Amino acid sequence: MTEVLPGSANAGDDDADREAVEQERAKLREFVKGLSADDIKSGGWFTKLCAQALRSYTEKATWEYFQQKYKGVPADGIVGQQIKLAAKNAMIEGGITASLYNGTIAATIGSLGGASPAAVPAGVVTFMVDLTYITQLQMRLAYDISVIYRIPLDVDDPEDMMKLVRVAIGVKSGEVARGSMKFVPGLVRQVLKKYYSGPALAAAKSLPFVGKHLLQRNIIKFGIPGVGIPLTVLVNRYTTLAAGRYAKSVFRDEAEVIELADTLIRRTRHPRLMLWVAWLVINADGKIADVESLLFQRLTRLARERHQVDDEQLANVVNIDPDEVWDRIDAEPGDLSDVVYAAERVATVDGDLNTHEKAVIAELRDRCQRR
């Protein structure tokens, strides 16, 4: 591939890794030069970067690509390797960027305030190349992980795109700040806190949430004289590892839910009845967790695709009536152990059983045993 995928350079060849990073930085420097000061201050740079960073990339970063590259390796192993390699590239880039600085970032970012709408001060370009590189790297890493776990995301779908953004920058600003401060010598931590409440933070507050978060994260790396290079390298590594691990937790959990739905549909002999029972269990405590919603969406989709079950009556239910479900149970002949099994698995998808879920499961078992 001509476009560098995260970790696609040879892990053992440091020169090749550095060359790949520098090539990507050169592309992003051209991208940054095409931005206006307003693009940066308004956060519009992030929207433009998303379009550039993902559209062509998603055509190449496919499940087949990773299967070919890591033949025989389970998904968890592939994800771990991708996170490791992305973190390595982030460290290389941090070292390159930090070596280019000869002053603090406060004045550089502050100069945006007096810039003309079309002009970007020269000092901001280096800062923005670093910011766009790390942002792009972590967005692509999150996308890679979704692909590896077979979680389809359409970057042309606004909902999917926002999901990818949330996952890629899922670590809160405060958590990033606390994490990065682990690498700062104790004597300068108070200086960082004082600096971080100054004009740089005020500038960041003028940006939309995503742009503000990413700008704040970058400011930390360059705000303290004397620790720029080691801090930049370590923060790049930390934030990339954090982004990768968070993406893994999100998409792996979703993959487990999808796998569970597949198992339940494959094992059941009563797909229509199972859907009614599953919805009753999910609604038992009056709350529907995201993971429960995902599971039920997948169950209904698979029931439709594999068993031609498209239950409009269930789809129109607002408040599910337990008595109606029990009537369906009582009217169904034969062994219903598959339905009981499904109910038990559905009840635990969001954690341990609560009192309401236990009551529904107990009633279900009792009715099925009396048959």
# chains A, B, ... in the order shown; residues from 1 in each chain; ligands from 1

$ residues_around --residues "range 67-84 of chain A" --least-positions-apart "6" --cutoff "9 Å" --atoms "only C-alpha atoms" --output "NGL selection string"
:A and (6-8 or 141 or 144-145 or 148-149 or 240-241 or 243-245 or 248 or 252)

$ residues_around --residues "Ala303 in chain A" --least-positions-apart "2" --cutoff "12 Å" --atoms "only C-alpha atoms" --output "mmCIF file with N, CA, C and O atoms, in the first residue's frame"
data_model
loop_
_atom_site.group_PDB
_atom_site.id
_atom_site.type_symbol
_atom_site.label_atom_id
_atom_site.label_comp_id
_atom_site.auth_asym_id
_atom_site.auth_seq_id
_atom_site.Cartn_x
_atom_site.Cartn_y
_atom_site.Cartn_z
ATOM 1 N N ALA A 261 -25.639 -12.858 20.340
ATOM 2 C CA ALA A 261 -26.873 -12.861 19.551
ATOM 3 C C ALA A 261 -26.852 -13.984 18.527
ATOM 4 O O ALA A 261 -27.854 -14.703 18.336
ATOM 5 N N ASP A 262 -25.721 -14.160 17.887
ATOM 6 C CA ASP A 262 -25.584 -15.235 16.907
ATOM 7 C C ASP A 262 -25.783 -16.605 17.557
ATOM 8 O O ASP A 262 -26.463 -17.481 17.016
ATOM 9 N N THR A 263 -25.207 -16.780 18.740
ATOM 10 C CA THR A 263 -25.342 -18.047 19.468
ATOM 11 C C THR A 263 -26.791 -18.320 19.848
ATOM 12 O O THR A 263 -27.298 -19.435 19.666
ATOM 13 N N LEU A 264 -27.473 -17.303 20.366
ATOM 14 C CA LEU A 264 -28.862 -17.491 20.805
ATOM 15 C C LEU A 264 -29.784 -17.810 19.633
ATOM 16 O O LEU A 264 -30.657 -18.690 19.737
ATOM 17 N N ILE A 265 -29.600 -17.116 18.526
ATOM 18 C CA ILE A 265 -30.435 -17.378 17.350
ATOM 19 C C ILE A 265 -30.139 -18.756 16.769
ATOM 20 O O ILE A 265 -31.045 -19.477 16.329
ATOM 21 N N ARG A 266 -28.888 -19.142 16.800
ATOM 22 C CA ARG A 266 -28.507 -20.447 16.253
ATOM 23 C C ARG A 266 -29.042 -21.594 17.103
ATOM 24 O O ARG A 266 -29.409 -22.652 16.582
ATOM 25 N N ARG A 267 -29.111 -21.389 18.419
ATOM 26 C CA ARG A 267 -29.523 -22.471 19.321
ATOM 27 C C ARG A 267 -31.034 -22.571 19.522
ATOM 28 O O ARG A 267 -31.539 -23.627 19.901
ATOM 29 N N THR A 268 -31.740 -21.500 19.274
ATOM 30 C CA THR A 268 -33.161 -21.514 19.618
ATOM 31 C C THR A 268 -34.004 -22.283 18.598
ATOM 32 O O THR A 268 -33.715 -22.295 17.405
ATOM 33 N N ARG A 269 -35.038 -22.912 19.125
ATOM 34 C CA ARG A 269 -36.046 -23.564 18.279
ATOM 35 C C ARG A 269 -37.327 -22.730 18.241
ATOM 36 O O ARG A 269 -38.286 -23.098 17.580
ATOM 37 N N HIS A 270 -37.314 -21.623 18.974
ATOM 38 C CA HIS A 270 -38.500 -20.774 19.096
ATOM 39 C C HIS A 270 -38.093 -19.297 18.948
ATOM 40 O O HIS A 270 -38.157 -18.528 19.914
ATOM 41 N N PRO A 271 -37.657 -18.902 17.762
ATOM 42 C CA PRO A 271 -37.129 -17.532 17.592
ATOM 43 C C PRO A 271 -38.128 -16.434 17.926
ATOM 44 O O PRO A 271 -37.760 -15.437 18.566
ATOM 45 N N ARG A 272 -39.393 -16.605 17.542
ATOM 46 C CA ARG A 272 -40.375 -15.567 17.819
ATOM 47 C C ARG A 272 -40.625 -15.446 19.326
ATOM 48 O O ARG A 272 -40.634 -14.344 19.885
ATOM 49 N N LEU A 273 -40.827 -16.566 19.968
ATOM 50 C CA LEU A 273 -41.073 -16.562 21.406
ATOM 51 C C LEU A 273 -39.851 -16.046 22.157
ATOM 52 O O LEU A 273 -39.977 -15.304 23.142
ATOM 53 N N MET A 274 -38.678 -16.412 21.699
ATOM 54 C CA MET A 274 -37.455 -15.957 22.359
ATOM 55 C C MET A 274 -37.360 -14.435 22.343
ATOM 56 O O MET A 274 -36.914 -13.813 23.314
ATOM 57 N N LEU A 275 -37.761 -13.810 21.249
ATOM 58 C CA LEU A 275 -37.709 -12.351 21.168
ATOM 59 C C LEU A 275 -38.627 -11.708 22.201
ATOM 60 O O LEU A 275 -38.256 -10.725 22.852
ATOM 61 N N TRP A 276 -39.835 -12.255 22.370
ATOM 62 C CA TRP A 276 -40.760 -11.724 23.379
ATOM 63 C C TRP A 276 -40.183 -11.865 24.782
ATOM 64 O O TRP A 276 -40.231 -10.943 25.592
ATOM 65 N N PHE A 296 -30.593 -6.673 21.455
ATOM 66 C CA PHE A 296 -31.927 -6.925 20.923
ATOM 67 C C PHE A 296 -32.019 -6.544 19.445
ATOM 68 O O PHE A 296 -32.676 -7.233 18.654
ATOM 69 N N GLN A 297 -31.353 -5.465 19.067
ATOM 70 C CA GLN A 297 -31.328 -5.097 17.649
ATOM 71 C C GLN A 297 -30.723 -6.220 16.820
ATOM 72 O O GLN A 297 -31.223 -6.542 15.735
ATOM 73 N N ARG A 298 -29.655 -6.791 17.340
ATOM 74 C CA ARG A 298 -28.992 -7.880 16.613
ATOM 75 C C ARG A 298 -29.875 -9.128 16.575
ATOM 76 O O ARG A 298 -29.936 -9.822 15.556
ATOM 77 N N LEU A 299 -30.542 -9.421 17.679
ATOM 78 C CA LEU A 299 -31.426 -10.590 17.724
ATOM 79 C C LEU A 299 -32.556 -10.459 16.699
ATOM 80 O O LEU A 299 -32.864 -11.422 15.976
ATOM 81 N N THR A 300 -33.182 -9.294 16.640
ATOM 82 C CA THR A 300 -34.294 -9.116 15.698
ATOM 83 C C THR A 300 -33.806 -9.192 14.253
ATOM 84 O O THR A 300 -34.486 -9.754 13.388
ATOM 85 N N ARG A 301 -32.626 -8.652 14.020
ATOM 86 C CA ARG A 301 -32.072 -8.713 12.658
ATOM 87 C C ARG A 301 -31.783 -10.153 12.249
ATOM 88 O O ARG A 301 -32.145 -10.586 11.135
ATOM 89 N N GLU A 305 -33.380 -12.474 9.290
ATOM 90 C CA GLU A 305 -32.552 -12.991 8.210
ATOM 91 C C GLU A 305 -32.523 -14.521 8.159
ATOM 92 O O GLU A 305 -32.518 -15.105 7.065
ATOM 93 N N ARG A 306 -32.518 -15.168 9.317
ATOM 94 C CA ARG A 306 -32.329 -16.616 9.343
ATOM 95 C C ARG A 306 -33.614 -17.415 9.523
ATOM 96 O O ARG A 306 -33.671 -18.587 9.152
ATOM 97 N N HIS A 307 -34.621 -16.791 10.137
ATOM 98 C CA HIS A 307 -35.871 -17.514 10.406
ATOM 99 C C HIS A 307 -37.097 -16.831 9.804
ATOM 100 O O HIS A 307 -38.220 -17.298 10.029
ATOM 101 N N GLN A 308 -36.857 -15.752 9.061
ATOM 102 C CA GLN A 308 -37.963 -14.999 8.449
ATOM 103 C C GLN A 308 -38.993 -14.568 9.495
ATOM 104 O O GLN A 308 -40.198 -14.529 9.229
ATOM 105 N N VAL A 309 -38.538 -14.265 10.687
ATOM 106 C CA VAL A 309 -39.405 -13.780 11.761
ATOM 107 C C VAL A 309 -39.341 -12.260 11.792
ATOM 108 O O VAL A 309 -38.291 -11.682 12.079
ATOM 109 N N ASP A 310 -40.455 -11.635 11.453
ATOM 110 C CA ASP A 310 -40.554 -10.179 11.486
ATOM 111 C C ASP A 310 -41.836 -9.842 12.240
ATOM 112 O O ASP A 310 -42.903 -9.705 11.655
ATOM 113 N N ASP A 311 -41.728 -9.731 13.553
ATOM 114 C CA ASP A 311 -42.905 -9.626 14.427
ATOM 115 C C ASP A 311 -43.337 -8.167 14.575
ATOM 116 O O ASP A 311 -42.804 -7.426 15.402
#

$ residues_around --residues "Arg140 in chain A" --least-positions-apart "3" --cutoff "9 Å" --atoms "only C-alpha atoms" --output "PyMOL selection string"
chain A and resi 5-6+53-54+57-58+61+135-137+143-145+168

$ atom_distance --atom1 "CA of Asp14 in chain A" --atom2 "CA of Gly94 in chain A"
14.6 Å
